[in-house]
$ cat entry-v4.cif   # mmCIF, C-alpha atoms
data_model
loop_
_atom_site.group_PDB
_atom_site.id
_atom_site.type_symbol
_atom_site.label_atom_id
_atom_site.label_comp_id
_atom_site.auth_asym_id
_atom_site.auth_seq_id
_atom_site.Cartn_x
_atom_site.Cartn_y
_atom_site.Cartn_z
ATOM 1 C CA MET K 22 -71.044 75.708 -9.723
ATOM 2 C CA ASN K 23 -68.327 73.877 -7.873
ATOM 3 C CA LEU K 24 -69.707 71.328 -5.452
ATOM 4 C CA ARG K 25 -66.328 70.303 -4.020
ATOM 5 C CA SER K 26 -65.528 71.606 -0.573
ATOM 6 C CA PRO K 27 -62.660 74.081 -0.266
ATOM 7 C CA LEU K 28 -60.745 71.422 1.708
ATOM 8 C CA ALA K 29 -61.120 68.838 -1.057
ATOM 9 C CA THR K 30 -59.750 71.254 -3.633
ATOM 10 C CA VAL K 31 -56.555 71.928 -1.690
ATOM 11 C CA LEU K 32 -55.804 68.498 -0.197
ATOM 12 C CA GLY K 33 -52.746 67.021 -1.826
ATOM 13 C CA GLN K 34 -52.086 70.231 -3.723
ATOM 14 C CA GLY K 35 -50.108 72.175 -1.214
ATOM 15 C CA SER K 36 -51.342 73.890 1.892
ATOM 16 C CA ALA K 37 -53.787 71.800 3.843
ATOM 17 C CA LYS K 38 -52.219 72.970 7.110
ATOM 18 C CA GLU K 39 -49.857 69.992 7.350
ATOM 19 C CA GLY K 40 -46.954 72.364 6.879
ATOM 20 C CA VAL K 41 -47.276 73.748 10.378
ATOM 21 C CA HIS K 42 -46.279 70.430 11.904
ATOM 22 C CA HIS K 43 -43.212 70.194 9.658
ATOM 23 C CA TRP K 44 -42.345 73.817 10.381
ATOM 24 C CA TRP K 45 -42.670 73.329 14.135
ATOM 25 C CA LEU K 46 -40.545 70.163 14.203
ATOM 26 C CA GLN K 47 -37.862 71.877 12.129
ATOM 27 C CA ARG K 48 -37.723 74.673 14.749
ATOM 28 C CA LEU K 49 -37.864 72.304 17.718
ATOM 29 C CA THR K 50 -34.973 70.205 16.420
ATOM 30 C CA SER K 51 -32.941 73.286 15.450
ATOM 31 C CA VAL K 52 -33.262 74.732 18.971
ATOM 32 C CA ALA K 53 -32.049 71.420 20.424
ATOM 33 C CA LEU K 54 -29.209 71.183 17.908
ATOM 34 C CA VAL K 55 -27.671 74.520 18.926
ATOM 35 C CA PRO K 56 -26.348 73.247 22.296
ATOM 36 C CA LEU K 57 -25.939 69.644 21.079
ATOM 37 C CA GLY K 58 -23.950 70.703 18.001
ATOM 38 C CA VAL K 59 -21.702 73.073 19.930
ATOM 39 C CA TRP K 60 -21.140 70.441 22.632
ATOM 40 C CA PHE K 61 -20.247 67.820 20.018
ATOM 41 C CA VAL K 62 -17.767 69.962 18.078
ATOM 42 C CA VAL K 63 -16.086 71.192 21.269
ATOM 43 C CA SER K 64 -15.905 67.623 22.667
ATOM 44 C CA LEU K 65 -14.481 66.237 19.455
ATOM 45 C CA LEU K 66 -11.809 68.921 19.284
ATOM 46 C CA SER K 67 -11.022 68.334 22.971
ATOM 47 C CA LEU K 68 -10.236 64.647 22.472
ATOM 48 C CA HIS K 69 -6.482 64.256 22.770
ATOM 49 C CA SER K 70 -6.440 61.210 20.522
ATOM 50 C CA PHE K 71 -8.707 59.317 18.143
ATOM 51 C CA ASP K 72 -7.387 55.883 19.059
ATOM 52 C CA ARG K 73 -10.065 53.371 19.910
ATOM 53 C CA ALA K 74 -9.388 53.238 23.652
ATOM 54 C CA THR K 75 -9.709 57.009 24.070
ATOM 55 C CA VAL K 76 -12.848 57.272 21.948
ATOM 56 C CA SER K 77 -14.486 54.256 23.623
ATOM 57 C CA ALA K 78 -13.732 55.669 27.065
ATOM 58 C CA TRP K 79 -15.259 58.989 26.014
ATOM 59 C CA ILE K 80 -18.440 57.350 24.686
ATOM 60 C CA GLY K 81 -18.496 55.155 27.800
ATOM 61 C CA GLN K 82 -19.161 58.177 30.013
ATOM 62 C CA LEU K 83 -22.883 58.298 30.795
ATOM 63 C CA TRP K 84 -23.551 61.893 29.760
ATOM 64 C CA THR K 85 -21.460 61.579 26.616
ATOM 65 C CA ALA K 86 -23.605 58.626 25.537
ATOM 66 C CA VAL K 87 -26.811 60.504 26.436
ATOM 67 C CA PHE K 88 -25.869 63.630 24.471
ATOM 68 C CA LEU K 89 -24.444 61.624 21.540
ATOM 69 C CA ILE K 90 -27.684 59.643 21.209
ATOM 70 C CA LEU K 91 -29.726 62.842 21.406
ATOM 71 C CA LEU K 92 -27.433 64.446 18.816
ATOM 72 C CA VAL K 93 -27.723 61.567 16.350
ATOM 73 C CA LEU K 94 -31.521 61.356 16.721
ATOM 74 C CA THR K 95 -32.127 65.101 16.550
ATOM 75 C CA ALA K 96 -29.662 65.645 13.704
ATOM 76 C CA ALA K 97 -31.165 62.784 11.685
ATOM 77 C CA TRP K 98 -34.662 64.152 12.234
ATOM 78 C CA HIS K 99 -33.647 67.724 11.366
ATOM 79 C CA SER K 100 -31.744 66.462 8.331
ATOM 80 C CA GLN K 101 -34.728 64.439 7.119
ATOM 81 C CA LEU K 102 -36.981 67.486 7.404
ATOM 82 C CA GLY K 103 -34.455 69.652 5.574
ATOM 83 C CA VAL K 104 -33.595 67.229 2.775
ATOM 84 C CA ARG K 105 -37.322 66.622 2.335
ATOM 85 C CA VAL K 106 -37.891 70.289 1.494
ATOM 86 C CA VAL K 107 -34.980 70.268 -0.953
ATOM 87 C CA VAL K 108 -36.424 67.197 -2.693
ATOM 88 C CA GLU K 109 -39.881 68.782 -2.770
ATOM 89 C CA ASP K 110 -38.371 71.864 -4.420
ATOM 90 C CA TYR K 111 -36.059 70.287 -6.957
ATOM 91 C CA VAL K 112 -37.369 66.819 -7.795
ATOM 92 C CA HIS K 113 -40.281 67.181 -10.167
ATOM 93 C CA GLY K 114 -42.887 64.618 -11.151
ATOM 94 C CA HIS K 115 -45.130 62.835 -8.656
ATOM 95 C CA GLY K 116 -43.528 59.405 -8.998
ATOM 96 C CA ALA K 117 -39.918 60.541 -8.789
ATOM 97 C CA LYS K 118 -40.730 62.823 -5.876
ATOM 98 C CA ALA K 119 -42.570 60.142 -3.889
ATOM 99 C CA ILE K 120 -39.826 57.567 -4.464
ATOM 100 C CA THR K 121 -37.038 60.007 -3.558
ATOM 101 C CA LEU K 122 -38.854 61.114 -0.395
ATOM 102 C CA THR K 123 -39.419 57.504 0.647
ATOM 103 C CA LEU K 124 -35.753 56.615 0.112
ATOM 104 C CA VAL K 125 -34.614 59.758 1.934
ATOM 105 C CA THR K 126 -36.788 58.875 4.938
ATOM 106 C CA PHE K 127 -35.697 55.219 5.008
ATOM 107 C CA PHE K 128 -32.060 56.232 4.760
ATOM 108 C CA HIS K 129 -32.362 58.674 7.654
ATOM 109 C CA VAL K 130 -34.033 56.035 9.834
ATOM 110 C CA VAL K 131 -31.222 53.572 9.070
ATOM 111 C CA VAL K 132 -28.578 56.199 9.895
ATOM 112 C CA ALA K 133 -30.331 57.099 13.171
ATOM 113 C CA VAL K 134 -30.845 53.497 14.313
ATOM 114 C CA ALA K 135 -27.287 52.461 13.363
ATOM 115 C CA GLY K 136 -25.846 55.482 15.177
ATOM 116 C CA VAL K 137 -27.848 54.920 18.360
ATOM 117 C CA LEU K 138 -27.121 51.186 18.452
ATOM 118 C CA ALA K 139 -23.398 51.785 17.918
ATOM 119 C CA ILE K 140 -23.301 54.320 20.774
ATOM 120 C CA LEU K 141 -25.235 51.954 23.080
ATOM 121 C CA LYS K 142 -22.968 49.029 22.218
ATOM 122 C CA VAL K 143 -19.814 51.001 23.033
ATOM 123 C CA ALA K 144 -21.339 52.669 26.113
ATOM 124 C CA LEU K 145 -22.643 49.412 27.559
ATOM 125 C CA GLY K 146 -19.325 47.690 26.982
ATOM 126 C CA GLY K 147 -20.453 45.286 24.292
ATOM 127 C CA ALA K 148 -17.755 46.352 21.821
ATOM 128 C CA ALA K 149 -14.682 44.663 23.243
ATOM 129 C CA MET C 1 -53.312 67.435 -12.840
ATOM 130 C CA THR C 2 -52.898 70.711 -14.688
ATOM 131 C CA GLU C 3 -49.492 72.344 -14.851
ATOM 132 C CA ARG C 4 -49.317 74.620 -11.852
ATOM 133 C CA PRO C 5 -46.420 76.996 -11.222
ATOM 134 C CA LEU C 6 -43.848 75.310 -9.006
ATOM 135 C CA SER C 7 -41.605 76.949 -6.468
ATOM 136 C CA PRO C 8 -38.706 77.823 -6.467
ATOM 137 C CA HIS C 9 -38.872 80.329 -9.309
ATOM 138 C CA LEU C 10 -35.107 80.562 -9.567
ATOM 139 C CA SER C 11 -35.134 82.748 -12.660
ATOM 140 C CA VAL C 12 -36.885 85.656 -10.938
ATOM 141 C CA TYR C 13 -34.103 86.147 -8.389
ATOM 142 C CA ARG C 14 -30.910 88.078 -8.816
ATOM 143 C CA MET C 15 -27.972 85.918 -7.725
ATOM 144 C CA SER C 16 -26.082 88.948 -6.415
ATOM 145 C CA ARG C 17 -28.739 89.615 -3.780
ATOM 146 C CA TYR C 18 -27.579 88.883 -0.226
ATOM 147 C CA THR C 19 -31.047 87.490 0.582
ATOM 148 C CA LEU C 20 -30.675 84.743 -1.992
ATOM 149 C CA LEU C 21 -27.032 84.071 -1.164
ATOM 150 C CA THR C 22 -27.607 83.678 2.585
ATOM 151 C CA SER C 23 -30.641 81.476 1.968
ATOM 152 C CA ILE C 24 -29.022 79.159 -0.572
ATOM 153 C CA LEU C 25 -25.893 78.928 1.604
ATOM 154 C CA ASN C 26 -28.018 77.805 4.547
ATOM 155 C CA ARG C 27 -29.511 75.054 2.417
ATOM 156 C CA ALA C 28 -26.150 74.015 0.960
ATOM 157 C CA THR C 29 -24.446 73.900 4.362
ATOM 158 C CA GLY C 30 -27.408 71.898 5.695
ATOM 159 C CA LEU C 31 -26.887 69.307 2.979
ATOM 160 C CA VAL C 32 -23.149 69.221 3.730
ATOM 161 C CA LEU C 33 -23.935 68.601 7.406
ATOM 162 C CA SER C 34 -26.326 65.784 6.428
ATOM 163 C CA ALA C 35 -23.374 64.151 4.688
ATOM 164 C CA GLY C 36 -21.360 64.804 7.847
ATOM 165 C CA LEU C 37 -23.951 62.890 9.853
ATOM 166 C CA ILE C 38 -23.364 59.848 7.642
ATOM 167 C CA LEU C 39 -19.634 60.185 8.315
ATOM 168 C CA LEU C 40 -20.268 60.460 12.063
ATOM 169 C CA VAL C 41 -22.423 57.312 12.113
ATOM 170 C CA TYR C 42 -19.838 55.459 9.999
ATOM 171 C CA TRP C 43 -17.233 56.379 12.627
ATOM 172 C CA LEU C 44 -19.517 55.303 15.524
ATOM 173 C CA VAL C 45 -20.374 51.985 13.867
ATOM 174 C CA ALA C 46 -16.667 51.353 13.247
ATOM 175 C CA ILE C 47 -15.862 51.897 16.933
ATOM 176 C CA ALA C 48 -18.662 49.511 17.903
ATOM 177 C CA SER C 49 -17.524 46.875 15.403
ATOM 178 C CA GLY C 50 -14.218 46.090 17.087
ATOM 179 C CA PRO C 51 -10.504 46.950 16.788
ATOM 180 C CA ALA C 52 -9.974 45.562 13.272
ATOM 181 C CA ALA C 53 -12.977 47.400 11.846
ATOM 182 C CA TYR C 54 -11.874 50.610 13.552
ATOM 183 C CA ARG C 55 -8.367 50.280 12.134
ATOM 184 C CA ASP C 56 -9.824 49.972 8.627
ATOM 185 C CA ALA C 57 -12.192 52.880 9.175
ATOM 186 C CA ARG C 58 -9.381 55.015 10.550
ATOM 187 C CA SER C 59 -7.287 54.512 7.463
ATOM 188 C CA VAL C 60 -10.290 55.639 5.390
ATOM 189 C CA LEU C 61 -11.125 58.565 7.706
ATOM 190 C CA SER C 62 -7.544 59.872 7.690
ATOM 191 C CA LEU C 63 -7.374 60.158 3.888
ATOM 192 C CA GLY C 64 -6.387 63.561 2.564
ATOM 193 C CA VAL C 65 -9.721 64.005 0.806
ATOM 194 C CA LEU C 66 -11.567 63.533 4.085
ATOM 195 C CA LYS C 67 -9.349 66.039 5.866
ATOM 196 C CA ALA C 68 -10.534 68.591 3.319
ATOM 197 C CA ILE C 69 -14.083 67.462 4.042
ATOM 198 C CA TYR C 70 -13.575 68.048 7.806
ATOM 199 C CA VAL C 71 -12.564 71.629 7.024
ATOM 200 C CA ILE C 72 -15.693 72.040 4.880
ATOM 201 C CA LEU C 73 -17.789 70.482 7.664
ATOM 202 C CA LEU C 74 -16.416 72.950 10.222
ATOM 203 C CA ALA C 75 -17.233 75.825 7.863
ATOM 204 C CA ALA C 76 -20.704 74.431 7.171
ATOM 205 C CA PHE C 77 -21.346 73.958 10.895
ATOM 206 C CA SER C 78 -20.238 77.530 11.648
ATOM 207 C CA TYR C 79 -22.474 79.026 8.970
ATOM 208 C CA HIS C 80 -25.530 76.813 9.501
ATOM 209 C CA LEU C 81 -25.412 77.492 13.260
ATOM 210 C CA PHE C 82 -25.609 81.281 12.941
ATOM 211 C CA ALA C 83 -27.922 81.281 9.917
ATOM 212 C CA GLY C 84 -30.213 78.941 11.863
ATOM 213 C CA ILE C 85 -30.209 81.242 14.884
ATOM 214 C CA ARG C 86 -31.103 84.108 12.506
ATOM 215 C CA HIS C 87 -34.087 82.069 11.302
ATOM 216 C CA LEU C 88 -35.163 81.394 14.892
ATOM 217 C CA VAL C 89 -35.043 85.133 15.642
ATOM 218 C CA TRP C 90 -37.129 85.794 12.526
ATOM 219 C CA ASP C 91 -39.682 83.247 13.749
ATOM 220 C CA THR C 92 -40.351 85.456 16.751
ATOM 221 C CA GLY C 93 -41.336 88.206 14.308
ATOM 222 C CA ARG C 94 -38.213 90.291 14.932
ATOM 223 C CA GLY C 95 -35.616 91.568 12.493
ATOM 224 C CA LEU C 96 -37.751 91.288 9.384
ATOM 225 C CA GLU C 97 -37.330 94.885 8.191
ATOM 226 C CA ARG C 98 -35.126 95.216 5.141
ATOM 227 C CA ALA C 99 -32.375 97.151 6.906
ATOM 228 C CA GLN C 100 -32.386 94.755 9.860
ATOM 229 C CA ALA C 101 -32.244 91.706 7.584
ATOM 230 C CA LYS C 102 -29.308 93.211 5.712
ATOM 231 C CA ARG C 103 -27.487 93.850 8.979
ATOM 232 C CA SER C 104 -28.199 90.363 10.362
ATOM 233 C CA ALA C 105 -26.993 88.800 7.097
ATOM 234 C CA ALA C 106 -23.659 90.576 7.519
ATOM 235 C CA LEU C 107 -23.580 89.609 11.201
ATOM 236 C CA VAL C 108 -24.179 85.930 10.364
ATOM 237 C CA VAL C 109 -21.351 85.948 7.807
ATOM 238 C CA ILE C 110 -18.927 87.683 10.192
ATOM 239 C CA CYS C 111 -19.809 85.453 13.178
ATOM 240 C CA SER C 112 -19.531 82.282 11.123
ATOM 241 C CA ILE C 113 -16.149 83.280 9.694
ATOM 242 C CA VAL C 114 -14.844 84.096 13.186
ATOM 243 C CA LEU C 115 -16.142 80.788 14.594
ATOM 244 C CA PHE C 116 -14.771 78.830 11.639
ATOM 245 C CA VAL C 117 -11.312 80.379 11.956
ATOM 246 C CA ALA C 118 -11.316 79.727 15.718
ATOM 247 C CA LEU C 119 -12.419 76.087 15.299
ATOM 248 C CA ALA C 120 -9.997 75.458 12.432
ATOM 249 C CA TRP C 121 -7.150 76.961 14.447
ATOM 250 C CA TRP C 122 -8.098 74.801 17.429
ATOM 251 C CA ALA C 123 -8.323 71.680 15.277
ATOM 252 C CA LEU C 124 -4.894 72.345 13.781
ATOM 253 C CA HIS C 125 -3.028 73.364 16.913
ATOM 254 C CA ALA C 126 -4.689 71.973 20.013
ATOM 255 C CA GLY C 127 -6.870 69.100 18.812
ATOM 256 C CA ALA C 128 -5.792 65.551 18.132
ATOM 257 C CA PRO C 129 -4.603 64.701 14.617
ATOM 258 C CA ALA C 130 -7.673 63.675 12.619
ATOM 259 C CA PRO C 131 -8.867 60.994 13.290
#

$ encode --input "entry-v4.cif" --output "structure tokens"
Amino acid sequence: MNLRSPLATVLGQGSAKEGVHHWWLQRLTSVALVPLGVWFVVSLLSLHSFDRATVSAWIGQLWTAVFLILLVLTAAWHSQLGVRVVVEDYVHGHGAKAITLTLVTFFHVVVAVAGVLAILKVALGGAA
Amino acid sequence: MTERPLSPHLSVYRMSRYTLLTSILNRATGLVLSAGLILLVYWLVAIASGPAAYRDARSVLSLGVLKAIYVILLAAFSYHLFAGIRHLVWDTGRGLERAQAKRSAALVVICSIVLFVALAWWALHAGAPAP
């Protein structure tokens, strides 16, 4: 007779209902990225030059900075969730998987923070 | 822990199946766009780091190799956008019948090709020279 609870047998071995949270965040970020992504690509292609003055002036506009920050944060989050699944599927072995997932998460946080700080610096006029 | 079967069971799928192709393409384009995000943040950090840093970054970002990457990024964006919308529709419980899924797969491919061609044309003719 097995005295372990059904929960104890599945925890850490796949479905323990944590997937729903991941699934929901992946959907939430993807819905946000549809308008943000389209806005970004259209804006980028609309820039008449990529010299620093033009780009800085563009980022300096309030709503550009707002949407750019939202884009970087949402894209980094969505990317982390997506790359995580790929790692879970293709990197085998508990140690290798845990280390890869940790590095992937750290890297995404660095990318997100660096992106947001860079946008803020340009938008607030700190990047002379 | 005992050896349990691990997903994905790649060997049980037929590569020629549109289901597998559309799914793996969505994943691949997602990874390409993740790389694009790194490029975007590199560009943003360069702008924030001053004129000299931006000049250096611009000479890197205007390399021929990267121009090819921008084309790939536009294609990846076009595909991932429509494939993602297809997933969102599926999440509402619609379009899951085999015939519907086959039709939406074709629709995603057609829409993404049209968008890609339009964006690429715009980038080449109307947009600023990269970057």

$ resolve_selection --input "entry-v4.cif" --expression "the PyMOL selection byres ((chain K) within 10 of (chain C))" --output "VMD selection string"
chain K and resid 34 48 to 49 51 to 52 54 to 55 58 to 59 62 to 74 76 to 77 80 92 to 93 96 to 97 99 to 101 103 to 104 106 to 107 109 to 111 113 128 to 129 132 to 144 146 to 149

$ axis_aligned_box --input "entry-v4.cif" --around "region 72-81 of chain C" --padding-each-side "4 Å" --output "lines of an AutoDock Vina configuration file"
center_x = -20.6
center_y = 74.8
center_z = 9.1
size_x = 17.8
size_y = 16.5
size_z = 16.4

$ atom_distance --input "entry-v4.cif" --atom1 "CA of Leu102 (chain K)" --atom2 "CA of Thr50 (chain K)"
9.6 Å

$ closest_residue --input "entry-v4.cif" --among "C:Cys111, C:Ala83, C:Ala75, C:Ala118" --to "Ile24 (chain C)" --atoms "only C-alpha atoms"
C:Ala83

$ atom_distance --input "entry-v4.cif" --atom1 "CA of Ser62 (chain C)" --atom2 "CA of Tyr79 (chain C)"
24.3 Å

$ atom_distance --input "entry-v4.cif" --atom1 "CA of Leu57 (chain K)" --atom2 "CA of Leu91 (chain K)"
7.8 Å

$ closest_residue --input "entry-v4.cif" --among "K:Leu89, K:Val41, K:Leu28, K:Val131" --to "Trp60 (chain K)" --atoms "all atoms listed in the file"
K:Leu89

$ build_atoms --input "entry-v4.cif" --residues "region 54-76 of chain C" --atoms "N, CA and C atoms" --output "short mmCIF file (atom, residue, chain, number, x, y, z; two decimals), in the coordinates of the input"
data_model
loop_
_atom_site.label_atom_id
_atom_site.label_comp_id
_atom_site.auth_asym_id
_atom_site.auth_seq_id
_atom_site.Cartn_x
_atom_site.Cartn_y
_atom_site.Cartn_z
N TYR C 54 -12.23 49.21 13.29
CA TYR C 54 -11.87 50.61 13.55
C TYR C 54 -10.56 50.98 12.87
N ARG C 55 -9.64 50.01 12.82
CA ARG C 55 -8.37 50.28 12.13
C ARG C 55 -8.62 50.57 10.65
N ASP C 56 -9.48 49.75 10.04
CA ASP C 56 -9.82 49.97 8.63
C ASP C 56 -10.49 51.34 8.44
N ALA C 57 -11.46 51.62 9.30
CA ALA C 57 -12.19 52.88 9.18
C ALA C 57 -11.27 54.07 9.36
N ARG C 58 -10.30 53.91 10.29
CA ARG C 58 -9.38 55.02 10.55
C ARG C 58 -8.51 55.32 9.35
N SER C 59 -8.12 54.26 8.64
CA SER C 59 -7.29 54.51 7.46
C SER C 59 -8.11 55.20 6.37
N VAL C 60 -9.42 54.92 6.33
CA VAL C 60 -10.29 55.64 5.39
C VAL C 60 -10.48 57.08 5.85
N LEU C 61 -10.79 57.24 7.18
CA LEU C 61 -11.12 58.56 7.71
C LEU C 61 -9.94 59.52 7.76
N SER C 62 -8.69 58.97 7.64
CA SER C 62 -7.54 59.87 7.69
C SER C 62 -7.00 60.19 6.29
N LEU C 63 -7.76 59.81 5.26
CA LEU C 63 -7.37 60.16 3.89
C LEU C 63 -7.36 61.68 3.71
N GLY C 64 -6.51 62.12 2.82
CA GLY C 64 -6.39 63.56 2.56
C GLY C 64 -7.70 64.20 2.14
N VAL C 65 -8.43 63.49 1.30
CA VAL C 65 -9.72 64.00 0.81
C VAL C 65 -10.65 64.30 1.98
N LEU C 66 -10.66 63.38 2.95
CA LEU C 66 -11.57 63.53 4.08
C LEU C 66 -11.13 64.67 5.00
N LYS C 67 -9.82 64.90 5.06
CA LYS C 67 -9.35 66.04 5.87
C LYS C 67 -9.89 67.34 5.29
N ALA C 68 -9.94 67.41 3.96
CA ALA C 68 -10.53 68.59 3.32
C ALA C 68 -12.02 68.67 3.66
N ILE C 69 -12.66 67.49 3.71
CA ILE C 69 -14.08 67.46 4.04
C ILE C 69 -14.32 67.93 5.48
N TYR C 70 -13.40 67.58 6.42
CA TYR C 70 -13.58 68.05 7.81
C TYR C 70 -13.53 69.57 7.88
N VAL C 71 -12.65 70.16 7.06
CA VAL C 71 -12.56 71.63 7.02
C VAL C 71 -13.89 72.20 6.51
N ILE C 72 -14.41 71.59 5.44
CA ILE C 72 -15.69 72.04 4.88
C ILE C 72 -16.82 71.85 5.91
N LEU C 73 -16.77 70.74 6.65
CA LEU C 73 -17.79 70.48 7.66
C LEU C 73 -17.75 71.54 8.78
N LEU C 74 -16.53 71.92 9.19
CA LEU C 74 -16.42 72.95 10.22
C LEU C 74 -16.99 74.27 9.72
N ALA C 75 -16.71 74.59 8.46
CA ALA C 75 -17.23 75.82 7.86
C ALA C 75 -18.75 75.75 7.76
N ALA C 76 -19.26 74.60 7.32
CA ALA C 76 -20.70 74.43 7.17
C ALA C 76 -21.40 74.52 8.52
#
